[in-house]
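Dumped my_file_15.csv below, it's CSV, C-alpha atoms:
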chain,number,residue,atom,x,y,z
A,5,MET,CA,0.0,0.0,0.0
A,6,ASP,CA,1.2,3.5,-0.8
A,7,LEU,CA,2.1,5.3,2.4
A,8,LYS,CA,3.3,8.5,0.7
A,9,MET,CA,1.6,11.6,2.2
A,10,GLU,CA,0.3,14.1,-0.3
A,11,ASP,CA,1.7,17.6,0.3
A,12,PHE,CA,-1.5,19.6,0.7
A,13,ASN,CA,0.4,22.8,-0.1
A,14,ALA,CA,1.4,21.4,-3.5
A,15,PRO,CA,0.3,23.4,-6.5
A,16,HIS,CA,-3.4,23.0,-7.0
A,17,SER,CA,-4.4,21.8,-10.4
A,18,MET,CA,-8.0,21.9,-11.6
A,19,GLY,CA,-8.3,18.5,-13.4
A,20,THR,CA,-11.4,19.9,-15.0
A,21,THR,CA,-13.8,19.7,-17.7
A,22,ILE,CA,-14.7,23.1,-19.3
A,23,ILE,CA,-17.0,23.7,-22.2
A,24,GLY,CA,-18.2,26.8,-24.2
A,25,VAL,CA,-21.0,26.5,-26.8
A,26,THR,CA,-22.6,29.1,-29.0
A,27,TYR,CA,-26.3,29.0,-29.7
A,28,ASN,CA,-28.8,31.1,-31.7
A,29,GLY,CA,-28.6,34.3,-29.7
A,30,GLY,CA,-25.7,33.8,-27.2
A,31,VAL,CA,-23.3,31.4,-25.5
A,32,VAL,CA,-23.5,28.8,-22.8
A,33,LEU,CA,-20.4,28.1,-20.7
A,34,GLY,CA,-20.1,25.1,-18.5
A,35,ALA,CA,-17.7,23.5,-16.1
A,36,ASP,CA,-17.3,20.9,-13.3
A,37,SER,CA,-16.3,21.9,-9.8
A,38,ARG,CA,-13.4,19.7,-8.8
A,39,THR,CA,-10.0,21.2,-7.8
A,40,SER,CA,-7.5,18.5,-7.1
A,41,THR,CA,-4.0,18.3,-5.5
A,42,GLY,CA,-2.9,15.0,-6.7
A,43,VAL,CA,-5.6,12.6,-5.6
A,44,TYR,CA,-6.9,14.9,-2.8
A,45,VAL,CA,-9.8,17.1,-3.8
A,46,ALA,CA,-8.9,20.5,-2.4
A,47,ASN,CA,-12.2,22.0,-3.4
A,48,ARG,CA,-15.2,20.0,-4.5
A,49,ALA,CA,-17.4,23.0,-5.2
A,50,SER,CA,-15.2,25.4,-7.0
A,51,ASP,CA,-16.4,28.0,-9.5
A,52,LYS,CA,-14.3,27.7,-12.6
A,53,ILE,CA,-16.4,30.2,-14.6
A,54,THR,CA,-15.0,33.6,-13.8
A,55,GLN,CA,-16.4,37.0,-14.7
A,56,LEU,CA,-14.2,39.3,-16.8
A,57,THR,CA,-16.8,41.9,-17.7
A,58,ASP,CA,-20.6,42.2,-17.5
A,59,ASN,CA,-20.8,40.4,-20.8
A,60,VAL,CA,-17.7,38.2,-21.0
A,61,TYR,CA,-16.9,35.2,-18.8
A,62,LEU,CA,-13.8,32.9,-18.7
A,63,CYS,CA,-13.7,29.1,-18.1
A,64,ARG,CA,-10.4,28.2,-16.4
A,65,SER,CA,-8.5,24.9,-16.5
A,66,GLY,CA,-5.0,23.7,-15.6
A,67,SER,CA,-3.1,25.4,-12.8
A,68,ALA,CA,-5.6,27.2,-10.5
A,69,ALA,CA,-3.1,29.9,-9.5
A,70,ASP,CA,-2.0,30.6,-13.1
A,71,SER,CA,-5.6,30.8,-14.4
A,72,GLN,CA,-6.7,33.0,-11.5
A,73,THR,CA,-3.8,35.4,-12.0
A,74,VAL,CA,-4.4,35.6,-15.7
A,75,SER,CA,-8.1,36.3,-15.2
A,76,ASP,CA,-7.3,39.0,-12.6
A,77,TYR,CA,-5.0,40.8,-15.0
A,78,VAL,CA,-7.4,40.6,-17.9
A,79,ARG,CA,-10.3,41.8,-15.7
A,80,TYR,CA,-8.2,44.8,-14.7
A,81,PHE,CA,-7.2,45.6,-18.3
A,82,LEU,CA,-10.7,45.2,-19.6
A,83,HIS,CA,-12.1,47.5,-17.0
A,84,GLN,CA,-9.8,50.2,-18.0
A,85,HIS,CA,-10.5,49.6,-21.7
A,86,THR,CA,-14.2,49.8,-21.1
A,87,ILE,CA,-13.9,53.1,-19.4
A,88,GLN,CA,-11.7,54.5,-22.2
A,89,LEU,CA,-14.0,53.1,-24.9
A,90,GLY,CA,-17.2,54.3,-23.2
A,91,GLN,CA,-19.0,51.0,-24.1
A,92,PRO,CA,-18.7,47.3,-23.2
A,93,ALA,CA,-15.7,45.6,-24.5
A,94,THR,CA,-16.1,43.0,-27.2
A,95,VAL,CA,-15.5,39.3,-26.6
A,96,LYS,CA,-12.7,39.3,-29.2
A,97,VAL,CA,-10.8,42.0,-27.3
A,98,ALA,CA,-11.2,40.0,-24.0
A,99,ALA,CA,-10.0,36.9,-25.7
A,100,ASN,CA,-7.0,38.7,-27.3
A,101,LEU,CA,-5.9,40.0,-23.9
A,102,VAL,CA,-6.1,36.5,-22.5
A,103,ARG,CA,-4.0,35.1,-25.2
A,104,LEU,CA,-1.4,37.8,-25.1
A,105,LEU,CA,-0.7,37.0,-21.5
A,106,SER,CA,-0.8,33.3,-22.2
A,107,TYR,CA,1.5,33.5,-25.2
A,108,ASN,CA,4.0,35.9,-23.8
A,109,ASN,CA,4.4,33.9,-20.6
A,110,LYS,CA,4.1,30.5,-22.1
A,111,ASN,CA,7.2,29.3,-20.3
A,112,PHE,CA,5.7,30.1,-16.9
A,113,LEU,CA,2.1,29.3,-17.3
A,114,GLN,CA,0.1,26.1,-17.5
A,115,THR,CA,-3.5,27.0,-18.1
A,116,GLY,CA,-6.0,26.4,-20.9
A,117,MET,CA,-8.9,28.8,-21.0
A,118,ILE,CA,-12.2,29.3,-22.9
A,119,VAL,CA,-13.5,32.9,-23.3
A,120,GLY,CA,-17.2,33.3,-24.0
A,121,GLY,CA,-19.6,36.2,-24.1
A,122,TRP,CA,-22.0,38.4,-26.0
A,123,ASP,CA,-21.5,41.8,-27.6
A,124,LYS,CA,-23.7,43.9,-29.8
A,125,TYR,CA,-21.4,43.7,-32.9
A,126,GLU,CA,-20.8,39.9,-33.2
A,127,GLY,CA,-23.4,38.4,-30.9
A,128,GLY,CA,-22.5,35.3,-28.9
A,129,LYS,CA,-18.9,34.2,-29.5
A,130,ILE,CA,-16.5,31.5,-28.1
A,131,TYR,CA,-12.8,31.7,-28.2
A,132,GLY,CA,-10.5,28.9,-27.1
A,133,VAL,CA,-7.1,29.9,-25.7
A,134,PRO,CA,-5.3,26.6,-25.0
A,135,LEU,CA,-1.9,26.0,-23.4
A,136,GLY,CA,0.6,27.6,-25.8
A,137,GLY,CA,-1.3,30.9,-26.1
A,138,THR,CA,-3.0,30.4,-29.5
A,139,ILE,CA,-6.4,32.0,-30.0
A,140,ILE,CA,-9.1,30.3,-32.0
A,141,GLU,CA,-12.7,31.3,-32.5
A,142,GLN,CA,-14.9,28.3,-32.5
A,143,PRO,CA,-18.7,27.5,-32.5
A,144,PHE,CA,-18.0,25.4,-29.5
A,145,ALA,CA,-14.8,24.7,-27.4
A,146,ILE,CA,-13.9,22.1,-24.9
A,147,GLY,CA,-10.9,22.0,-22.5
A,148,GLY,CA,-9.4,20.4,-19.4
A,149,SER,CA,-8.5,16.8,-18.7
A,150,GLY,CA,-12.1,15.7,-19.0
A,151,SER,CA,-12.4,17.1,-22.5
A,152,SER,CA,-10.6,14.1,-23.9
A,153,TYR,CA,-13.7,12.1,-23.4
A,154,LEU,CA,-15.9,14.5,-25.2
A,155,TYR,CA,-14.4,14.9,-28.6
A,156,GLY,CA,-16.4,12.1,-30.1
A,157,PHE,CA,-19.5,13.1,-28.2
A,158,PHE,CA,-19.5,16.6,-29.7
A,159,ASP,CA,-18.7,15.4,-33.1
A,160,GLN,CA,-22.0,13.5,-32.9
A,161,ALA,CA,-24.2,15.7,-30.8
A,162,TRP,CA,-23.2,19.3,-31.8
A,163,LYS,CA,-25.4,21.1,-34.3
A,164,GLU,CA,-25.5,24.7,-35.5
A,165,GLY,CA,-28.3,27.1,-34.4
A,166,MET,CA,-29.5,25.4,-31.3
A,167,THR,CA,-31.9,27.0,-28.9
A,168,LYS,CA,-30.9,28.2,-25.5
A,169,GLU,CA,-32.5,25.2,-23.8
A,170,GLU,CA,-30.9,22.7,-26.2
A,171,ALA,CA,-27.5,24.3,-25.7
A,172,GLU,CA,-27.8,24.2,-21.9
A,173,GLN,CA,-28.9,20.6,-22.0
A,174,LEU,CA,-26.0,19.7,-24.2
A,175,VAL,CA,-23.5,21.3,-21.9
A,176,VAL,CA,-24.8,19.7,-18.8
A,177,LYS,CA,-24.9,16.3,-20.4
A,178,ALA,CA,-21.4,16.7,-21.7
A,179,VAL,CA,-19.9,17.8,-18.4
A,180,SER,CA,-21.6,15.0,-16.6
A,181,LEU,CA,-20.3,12.4,-19.1
A,182,ALA,CA,-16.8,13.8,-18.6
A,183,ILE,CA,-17.2,13.7,-14.8
A,184,ALA,CA,-18.2,10.0,-15.1
A,185,ARG,CA,-15.0,9.1,-16.9
A,186,ASP,CA,-12.4,11.6,-15.7
A,187,GLY,CA,-11.1,11.2,-12.2
A,188,ALA,CA,-9.9,14.7,-12.1
A,189,SER,CA,-13.4,16.1,-12.8
A,190,GLY,CA,-16.3,15.9,-10.5
A,191,GLY,CA,-18.6,17.6,-8.0
A,192,VAL,CA,-21.4,19.8,-9.5
A,193,VAL,CA,-22.0,21.2,-12.9
A,194,ARG,CA,-22.1,25.0,-13.2
A,195,THR,CA,-23.3,26.8,-16.3
A,196,VAL,CA,-23.4,30.5,-17.3
A,197,THR,CA,-25.6,31.6,-20.1
A,198,ILE,CA,-24.8,35.0,-21.8
A,199,ASN,CA,-27.0,36.7,-24.3
A,200,SER,CA,-28.4,40.1,-25.2
A,201,GLU,CA,-30.6,40.1,-22.1
A,202,GLY,CA,-27.8,39.5,-19.7
A,203,VAL,CA,-26.2,36.7,-17.8
A,204,SER,CA,-27.8,33.8,-15.9
A,205,ARG,CA,-26.0,31.3,-13.7
A,206,LYS,CA,-27.3,27.7,-13.2
A,207,PHE,CA,-26.2,25.1,-10.8
A,208,TYR,CA,-26.8,21.3,-11.1
A,209,PRO,CA,-25.9,19.3,-8.0
A,210,GLY,CA,-24.5,15.8,-8.5
A,211,ASP,CA,-27.7,14.1,-7.7
A,212,THR,CA,-29.7,15.9,-10.4
A,213,LEU,CA,-27.3,14.7,-13.1
A,214,PRO,CA,-28.1,11.6,-15.2
A,215,LEU,CA,-26.4,8.4,-14.4
A,216,TRP,CA,-24.2,6.8,-17.1
A,217,HIS,CA,-23.0,3.2,-17.7
A,218,GLU,CA,-22.4,1.4,-14.4
A,219,GLU,CA,-22.7,4.4,-12.2
A,220,LEU,CA,-24.3,3.9,-8.9
A,221,GLU,CA,-27.2,5.8,-7.4
A,222,PRO,CA,-26.1,8.7,-5.2
A,223,GLN,CA,-26.3,8.0,-1.5
A,224,ASN,CA,-27.4,10.7,0.9
A,225,SER,CA,-25.5,9.2,3.7
A,226,LEU,CA,-23.4,6.1,4.0
A,227,LEU,CA,-25.4,5.2,7.0
A,228,ASP,CA,-28.4,4.6,4.8
A,229,MET,CA,-26.6,1.6,3.3
A,230,MET,CA,-26.3,0.0,6.7
A,231,ASN,CA,-29.9,-1.0,6.8
A,232,VAL,CA,-29.7,-2.9,10.1
A,233,ALA,CA,-31.1,-2.6,13.5
A,234,SER,CA,-28.8,-1.2,16.1
A,235,PRO,CA,-26.0,-3.8,16.6
A,236,GLU,CA,-26.0,-6.1,19.6
A,237,PRO,CA,-24.0,-4.8,22.4
A,238,MET,CA,-20.8,-6.8,22.7
A,239,ASN,CA,-20.8,-9.5,25.3
A,240,MET,CA,-17.6,-9.5,27.2
B,3,MET,CA,-8.6,90.2,-35.3
B,4,SER,CA,-5.2,91.0,-34.1
B,5,SER,CA,-4.4,90.3,-30.5
B,6,ILE,CA,-1.3,91.7,-28.9
B,7,GLY,CA,0.1,89.4,-26.2
B,8,THR,CA,2.4,92.0,-24.7
B,9,GLY,CA,4.6,89.7,-22.7
B,10,TYR,CA,2.0,87.0,-22.1
B,11,ASP,CA,2.7,85.3,-25.4
B,12,LEU,CA,6.3,84.3,-24.9
B,13,SER,CA,5.7,80.8,-23.7
B,14,VAL,CA,3.1,78.2,-24.0
B,15,THR,CA,3.1,77.8,-20.3
B,16,THR,CA,2.0,81.3,-19.6
B,17,PHE,CA,-1.7,82.4,-19.3
B,18,SER,CA,-2.7,85.9,-20.0
B,19,PRO,CA,-4.8,87.8,-17.4
B,20,ASP,CA,-7.9,87.2,-19.4
B,21,GLY,CA,-7.3,83.4,-19.4
B,22,ARG,CA,-5.9,82.8,-22.8
B,23,VAL,CA,-2.7,81.0,-23.9
B,24,PHE,CA,-1.5,83.1,-26.8
B,25,GLN,CA,1.0,80.6,-28.1
B,26,ILE,CA,-1.8,78.2,-28.9
B,27,GLU,CA,-3.8,80.9,-30.6
B,28,TYR,CA,-0.8,81.8,-32.7
B,29,ALA,CA,-0.4,78.1,-33.6
B,30,ALA,CA,-4.0,78.1,-34.8
B,31,LYS,CA,-3.2,81.1,-37.0
B,32,ALA,CA,-0.6,79.0,-38.8
B,33,VAL,CA,-3.4,76.7,-39.6
B,34,ASP,CA,-5.8,79.4,-40.7
B,35,ASN,CA,-3.4,80.8,-43.2
B,36,SER,CA,-2.6,77.5,-44.9
B,37,GLY,CA,-4.2,75.7,-47.8
B,38,THR,CA,-7.8,74.6,-47.3
B,39,VAL,CA,-8.7,71.1,-46.1
B,40,ILE,CA,-12.3,69.8,-46.2
B,41,GLY,CA,-13.8,66.6,-44.8
B,42,ILE,CA,-17.4,65.3,-45.2
B,43,LYS,CA,-19.1,62.4,-43.6
B,44,CYS,CA,-21.5,60.5,-45.9
B,45,LYS,CA,-23.8,57.7,-45.2
B,46,ASP,CA,-21.4,55.1,-46.5
B,47,GLY,CA,-18.0,56.7,-46.0
B,48,ILE,CA,-15.8,59.8,-45.7
B,49,VAL,CA,-14.6,62.2,-48.3
B,50,MET,CA,-11.6,64.4,-47.8
B,51,GLY,CA,-10.1,67.0,-50.0
B,52,VAL,CA,-7.1,69.3,-49.8
B,53,GLU,CA,-6.2,72.4,-51.8
B,54,LYS,CA,-3.0,71.6,-53.6
B,55,LEU,CA,-0.6,74.6,-53.5
B,56,ILE,CA,1.8,74.4,-56.3
B,57,ALA,CA,4.9,76.0,-54.9
B,58,SER,CA,6.9,75.7,-58.2
B,59,LYS,CA,6.2,74.4,-61.7
B,60,MET,CA,9.3,72.2,-61.3
B,61,MET,CA,7.7,70.3,-58.5
B,62,LEU,CA,6.6,66.7,-59.4
B,63,PRO,CA,2.9,66.3,-59.3
B,64,GLY,CA,2.0,63.7,-56.7
B,65,SER,CA,4.6,64.8,-54.3
B,66,ASN,CA,3.8,66.9,-51.2
B,67,ARG,CA,0.9,64.7,-50.3
B,68,ARG,CA,-1.3,66.1,-47.6
B,69,ILE,CA,-3.7,63.2,-47.2
B,70,HIS,CA,-2.3,60.2,-45.5
B,71,SER,CA,-3.6,56.8,-44.6
B,72,VAL,CA,-3.2,56.0,-41.0
B,73,HIS,CA,-4.5,52.4,-41.0
B,74,ARG,CA,-6.5,50.1,-43.2
B,75,HIS,CA,-9.7,51.9,-42.2
B,76,SER,CA,-8.7,55.5,-41.4
B,77,GLY,CA,-6.9,58.5,-42.9
B,78,MET,CA,-5.9,62.0,-42.2
B,79,ALA,CA,-5.7,65.3,-44.0
B,80,VAL,CA,-3.4,67.9,-42.7
B,81,ALA,CA,-3.5,71.7,-42.8
B,82,GLY,CA,-0.7,74.0,-41.6
B,83,LEU,CA,3.0,73.2,-41.2
B,84,ALA,CA,3.6,70.1,-43.3
B,85,ALA,CA,6.5,68.8,-41.2
B,86,ASP,CA,4.4,69.1,-38.0
B,87,GLY,CA,1.7,67.2,-39.8
B,88,ARG,CA,4.0,64.4,-40.7
B,89,GLN,CA,4.9,63.9,-37.0
B,90,ILE,CA,1.2,63.7,-36.1
B,91,VAL,CA,0.5,61.2,-38.9
B,92,THR,CA,3.4,59.0,-37.8
B,93,ARG,CA,2.1,59.1,-34.2
B,94,ALA,CA,-1.4,58.2,-35.4
B,95,LYS,CA,-0.1,55.3,-37.4
B,96,SER,CA,1.8,53.9,-34.5
B,97,GLU,CA,-1.1,54.3,-32.1
B,98,ALA,CA,-3.3,52.5,-34.5
B,99,THR,CA,-1.0,49.5,-35.0
B,100,ASN,CA,-0.2,49.4,-31.3
B,101,TYR,CA,-4.0,49.3,-30.4
B,102,GLU,CA,-4.5,46.4,-32.8
B,103,SER,CA,-1.7,44.4,-31.5
B,104,VAL,CA,-2.9,44.7,-27.9
B,105,TYR,CA,-6.7,44.5,-28.4
B,106,GLY,CA,-6.9,42.4,-31.5
B,107,GLU,CA,-9.3,44.7,-33.3
B,108,PRO,CA,-8.9,47.8,-35.5
B,109,ILE,CA,-8.7,50.9,-33.4
B,110,PRO,CA,-12.2,52.6,-33.2
B,111,VAL,CA,-12.1,56.0,-34.8
B,112,LYS,CA,-13.2,57.7,-31.6
B,113,GLU,CA,-10.3,56.2,-29.7
B,114,LEU,CA,-7.8,57.2,-32.4
B,115,ALA,CA,-9.1,60.7,-32.4
B,116,GLN,CA,-8.7,60.8,-28.6
B,117,ARG,CA,-5.1,59.5,-28.8
B,118,VAL,CA,-4.1,62.0,-31.5
B,119,ALA,CA,-5.8,64.8,-29.6
B,120,SER,CA,-3.9,63.8,-26.4
B,121,TYR,CA,-0.7,63.9,-28.3
B,122,VAL,CA,-1.3,67.3,-29.8
B,123,HIS,CA,-2.3,68.6,-26.4
B,124,LEU,CA,0.8,67.1,-24.8
B,125,CYS,CA,2.9,69.6,-26.7
B,126,THR,CA,1.0,72.5,-25.2
B,127,LEU,CA,2.0,71.6,-21.7
B,128,TYR,CA,5.7,72.0,-21.6
B,129,TRP,CA,7.8,75.1,-22.1
B,130,TRP,CA,10.5,73.2,-24.0
B,131,LEU,CA,8.1,72.0,-26.6
B,132,ARG,CA,6.1,74.1,-29.1
B,133,PRO,CA,2.5,73.4,-30.1
B,134,PHE,CA,1.9,71.7,-33.4
B,135,GLY,CA,1.3,74.3,-36.1
B,136,CYS,CA,-1.2,72.1,-37.9
B,137,GLY,CA,-4.9,71.1,-37.8
B,138,VAL,CA,-5.9,67.6,-38.7
B,139,ILE,CA,-9.1,66.2,-40.2
B,140,LEU,CA,-9.3,62.5,-39.3
B,141,GLY,CA,-11.7,60.2,-41.0
B,142,GLY,CA,-12.3,56.6,-40.5
B,143,TYR,CA,-14.8,53.7,-40.9
B,144,ASP,CA,-15.2,51.3,-38.0
B,145,ARG,CA,-17.9,49.1,-36.5
B,146,ASP,CA,-20.1,52.1,-35.8
B,147,GLY,CA,-19.9,53.4,-39.3
B,148,PRO,CA,-18.1,56.3,-40.9
B,149,GLN,CA,-16.9,59.1,-38.5
B,150,LEU,CA,-15.1,62.4,-39.0
B,151,TYR,CA,-13.1,64.2,-36.3
B,152,MET,CA,-11.1,67.4,-36.4
B,153,ILE,CA,-8.2,68.1,-34.1
B,154,GLU,CA,-6.9,71.6,-33.5
B,155,PRO,CA,-3.5,72.7,-32.3
B,156,SER,CA,-4.9,73.2,-28.9
B,157,GLY,CA,-5.6,69.5,-28.6
B,158,ILE,CA,-9.4,69.9,-28.9
B,159,SER,CA,-11.1,67.2,-30.9
B,160,TYR,CA,-14.7,67.2,-32.0
B,161,ARG,CA,-16.8,64.9,-34.2
B,162,TYR,CA,-18.3,66.5,-37.3
B,163,PHE,CA,-20.6,65.8,-40.2
B,164,GLY,CA,-18.5,68.2,-42.2
B,165,ALA,CA,-15.4,70.2,-41.3
B,166,ALA,CA,-13.1,72.7,-43.0
B,167,ILE,CA,-9.8,74.3,-42.0
B,168,GLY,CA,-7.4,76.6,-43.6
B,169,LYS,CA,-7.7,79.8,-45.7
B,170,GLY,CA,-10.9,79.0,-47.4
B,171,ARG,CA,-12.8,77.5,-44.5
B,172,GLN,CA,-15.4,80.2,-44.2
B,173,ALA,CA,-16.2,79.9,-47.9
B,174,ALA,CA,-16.3,76.1,-47.6
B,175,LYS,CA,-18.7,76.2,-44.7
B,176,THR,CA,-21.3,78.4,-46.3
Could you show the structure in this file as structure tokens?
Amino acid sequence: MDLKMEDFNAPHSMGTTIIGVTYNGGVVLGADSRTSTGVYVANRASDKITQLTDNVYLCRSGSAADSQTVSDYVRYFLHQHTIQLGQPATVKVAANLVRLLSYNNKNFLQTGMIVGGWDKYEGGKIYGVPLGGTIIEQPFAIGGSGSSYLYGFFDQAWKEGMTKEEAEQLVVKAVSLAIARDGASGGVVRTVTINSEGVSRKFYPGDTLPLWHEELEPQNSLLDMMNVASPEPMNM
Amino acid sequence: MSSIGTGYDLSVTTFSPDGRVFQIEYAAKAVDNSGTVIGIKCKDGIVMGVEKLIASKMMLPGSNRRIHSVHRHSGMAVAGLAADGRQIVTRAKSEATNYESVYGEPIPVKELAQRVASYVHLCTLYWWLRPFGCGVILGGYDRDGPQLYMIEPSGISYRYFGAAIGKGRQAAKT
């Protein structure tokens, strides 16, 4: 048996599954909620979808520290840009700021991000900014360790011009599939929907998610399994 | 109108008792006495024109350009001291490319106008610099459609439907 102790101050990685999907009128961002340090789950209810501006949000994966720092810088720059411009920043500008930081510091950072939002010029847009600091505009983007299990799923399930409800269902289903297979993803599913009307956050606790192949029913308490009368007192 | 500074006009960092900075006003005179420049904003674009002053018959036509392109979507027409104008155009070009490399989108015309105006104004703040002796009409086409701005030597910038500077501006405006 492995008796090596985990260093709980070790760099926290978000194993993660993150998704961004465009639909007819906006975008839906989704993520799991597990932050792991090796096999220890440091935070089982983290929020990986971070706000950059009123209309642009960021999904973070990889190193928790690196992605938080990048998002803090970009939020700061975007805030100043918005004041200077006199109107909300576009999703493209936000994504470009993210990738400049990511690319210029590629030797120091280890974070893959998905930028999603809505602006009045282009509507809903998703930009992937993976590890090296490239920027790519996509109708949908997936990232994090759990995304490996979703490439085939999206090839089959994705279609252009979905409604908001269809897009949200797709995202929730995809994250829960990834959670089922990826040990570094888990917890709850969080989604953020952004369109011309604004932003709405949704939360799907583990027990509301569909069960997949060979998954067990969630238990409220381990004690429910022990369906016995109180044990006999020991006879000494 | 001739205004005599009488000692308050020696430096751009000196106000007169009635609250004017004479050096800036004199810079504006350099613009007023130069060849006319006109800009008009239309529904689908900007039109700019300059009065071409032929200094000598030996001069090659096509030289001494006073309309410059700043970026793919914006351009500038300069009235006044041509050398000063070249400096402003260079600055505008560099602001436009810098904005695009940081923000990933072409610089909005309003933003470009603000940056050029700040630069022109900068040179009215220090005694070791002199104000630019040129006015600029900046036209551009961005996401919000065609826009026209005029920047004066004082650093003021306004948005216009139609603007004229130089000798013939009164005639152009009627």
| said: For a quick test of understanding: name the residues of chain A lying within 7 Å of chain B when counting only C-alpha atoms, and present them as a list in words. | reply: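 Putting it all together, I get Leu89, Lys96, Val97, Asn100 and Leu101 of chain A.
Atom CA of Leu12 of chain B sits 28.3 Å away from atom CA of Ile139 of chain B.
Reported to one decimal place, the separation of atom CA of Ile48 of chain B from atom CA of Tyr160 of chain B is 15.6 Å.
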| So how far away is atom CA of Arg22 of chain B from atom CA of Thr126 of chain B, in Å? |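 Those two atoms sit 12.6 Å apart.
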Which residues of segment 90-135 of chain B have any atom within 8 Å of an atom in segment 70-78 of chain B when counting all atoms listed in the file, and what is the closest pair of atoms for each, with the distance in Å to one decimal? Order the rows by chain and rising number and write it as CSV.
residue,atom,partner,partner_atom,distance
B:Val91,CA,B:Val72,CA,6.7
B:Thr92,CA,B:Val72,CA,7.9
B:Ala94,CA,B:Val72,CA,6.3
B:Lys95,CA,B:Val72,CA,4.8
B:Ala98,CA,B:His73,CA,6.6
B:Thr99,CA,B:His73,CA,7.5
B:Pro108,CA,B:His75,CA,7.9
B:Val111,CA,B:Ser76,CA,7.4
| remark: Min atom-atom distance to Gly41 of chain B from the set B:Arg161, B:Glu27, B:Asn100, B:Leu131, counting only C-alpha atoms, belongs to B:Arg161
| task | Skip His85 of chain A itself and residues of its chain fewer than 5 positions away, then list as a PyMOL selection string all residues within 10 Å of it, counting all atoms listed in the file. | result | (chain A and resi 79-80+90-93+97-98) or (chain B and resi 105)
Pick out the residues sitting within 9 Å of Ile23 of chain A, and hand them over as a CSV table (one decimal) with C-alpha atoms, keeping the file's coordinate frame; count all atoms listed in the file, and ignore anything fewer than 2 positions along from it in its own chain.
chain,number,residue,atom,x,y,z
A,21,THR,CA,-13.8,19.7,-17.7
A,25,VAL,CA,-21.0,26.5,-26.8
A,32,VAL,CA,-23.5,28.8,-22.8
A,33,LEU,CA,-20.4,28.1,-20.7
A,34,GLY,CA,-20.1,25.1,-18.5
A,35,ALA,CA,-17.7,23.5,-16.1
A,63,CYS,CA,-13.7,29.1,-18.1
A,118,ILE,CA,-12.2,29.3,-22.9
A,144,PHE,CA,-18.0,25.4,-29.5
A,145,ALA,CA,-14.8,24.7,-27.4
A,146,ILE,CA,-13.9,22.1,-24.9
A,147,GLY,CA,-10.9,22.0,-22.5
A,148,GLY,CA,-9.4,20.4,-19.4
A,151,SER,CA,-12.4,17.1,-22.5
A,175,VAL,CA,-23.5,21.3,-21.9
A,178,ALA,CA,-21.4,16.7,-21.7
A,179,VAL,CA,-19.9,17.8,-18.4
Where atoms are absent from segment 114-122 of chain A, fill them in so it carries N, CA, C and O atoms, then output it as an mmCIF file, in the coordinates of the input.
data_model
loop_
_atom_site.group_PDB
_atom_site.id
_atom_site.type_symbol
_atom_site.label_atom_id
_atom_site.label_comp_id
_atom_site.auth_asym_id
_atom_site.auth_seq_id
_atom_site.Cartn_x
_atom_site.Cartn_y
_atom_site.Cartn_z
ATOM 1 N N GLN A 114 0.674 27.421 -17.053
ATOM 2 C CA GLN A 114 0.100 26.100 -17.500
ATOM 3 C C GLN A 114 -1.383 26.219 -17.317
ATOM 4 O O GLN A 114 -1.926 25.718 -16.334
ATOM 5 N N THR A 115 -2.051 26.905 -18.245
ATOM 6 C CA THR A 115 -3.500 27.000 -18.100
ATOM 7 C C THR A 115 -4.136 27.145 -19.481
ATOM 8 O O THR A 115 -3.670 27.877 -20.352
ATOM 9 N N GLY A 116 -5.204 26.356 -19.646
ATOM 10 C CA GLY A 116 -6.000 26.400 -20.900
ATOM 11 C C GLY A 116 -7.318 27.074 -20.543
ATOM 12 O O GLY A 116 -7.938 26.735 -19.533
ATOM 13 N N MET A 117 -7.739 28.033 -21.361
ATOM 14 C CA MET A 117 -8.900 28.800 -21.000
ATOM 15 C C MET A 117 -9.912 28.882 -22.192
ATOM 16 O O MET A 117 -9.508 28.723 -23.347
ATOM 17 N N ILE A 118 -11.178 29.102 -21.851
ATOM 18 C CA ILE A 118 -12.200 29.300 -22.900
ATOM 19 C C ILE A 118 -12.881 30.644 -22.548
ATOM 20 O O ILE A 118 -13.436 30.812 -21.452
ATOM 21 N N VAL A 119 -12.847 31.586 -23.499
ATOM 22 C CA VAL A 119 -13.500 32.900 -23.300
ATOM 23 C C VAL A 119 -14.796 32.906 -24.033
ATOM 24 O O VAL A 119 -14.855 32.563 -25.217
ATOM 25 N N GLY A 120 -15.867 33.278 -23.333
ATOM 26 C CA GLY A 120 -17.200 33.300 -24.000
ATOM 27 C C GLY A 120 -17.976 34.497 -23.557
ATOM 28 O O GLY A 120 -17.862 34.951 -22.408
ATOM 29 N N GLY A 121 -18.772 35.041 -24.465
ATOM 30 C CA GLY A 121 -19.600 36.200 -24.100
ATOM 31 C C GLY A 121 -20.462 36.634 -25.243
ATOM 32 O O GLY A 121 -20.542 35.988 -26.283
ATOM 33 N N TRP A 122 -21.093 37.782 -25.001
ATOM 34 C CA TRP A 122 -22.000 38.400 -26.000
ATOM 35 C C TRP A 122 -21.661 39.822 -26.151
ATOM 36 O O TRP A 122 -21.508 40.538 -25.153
#
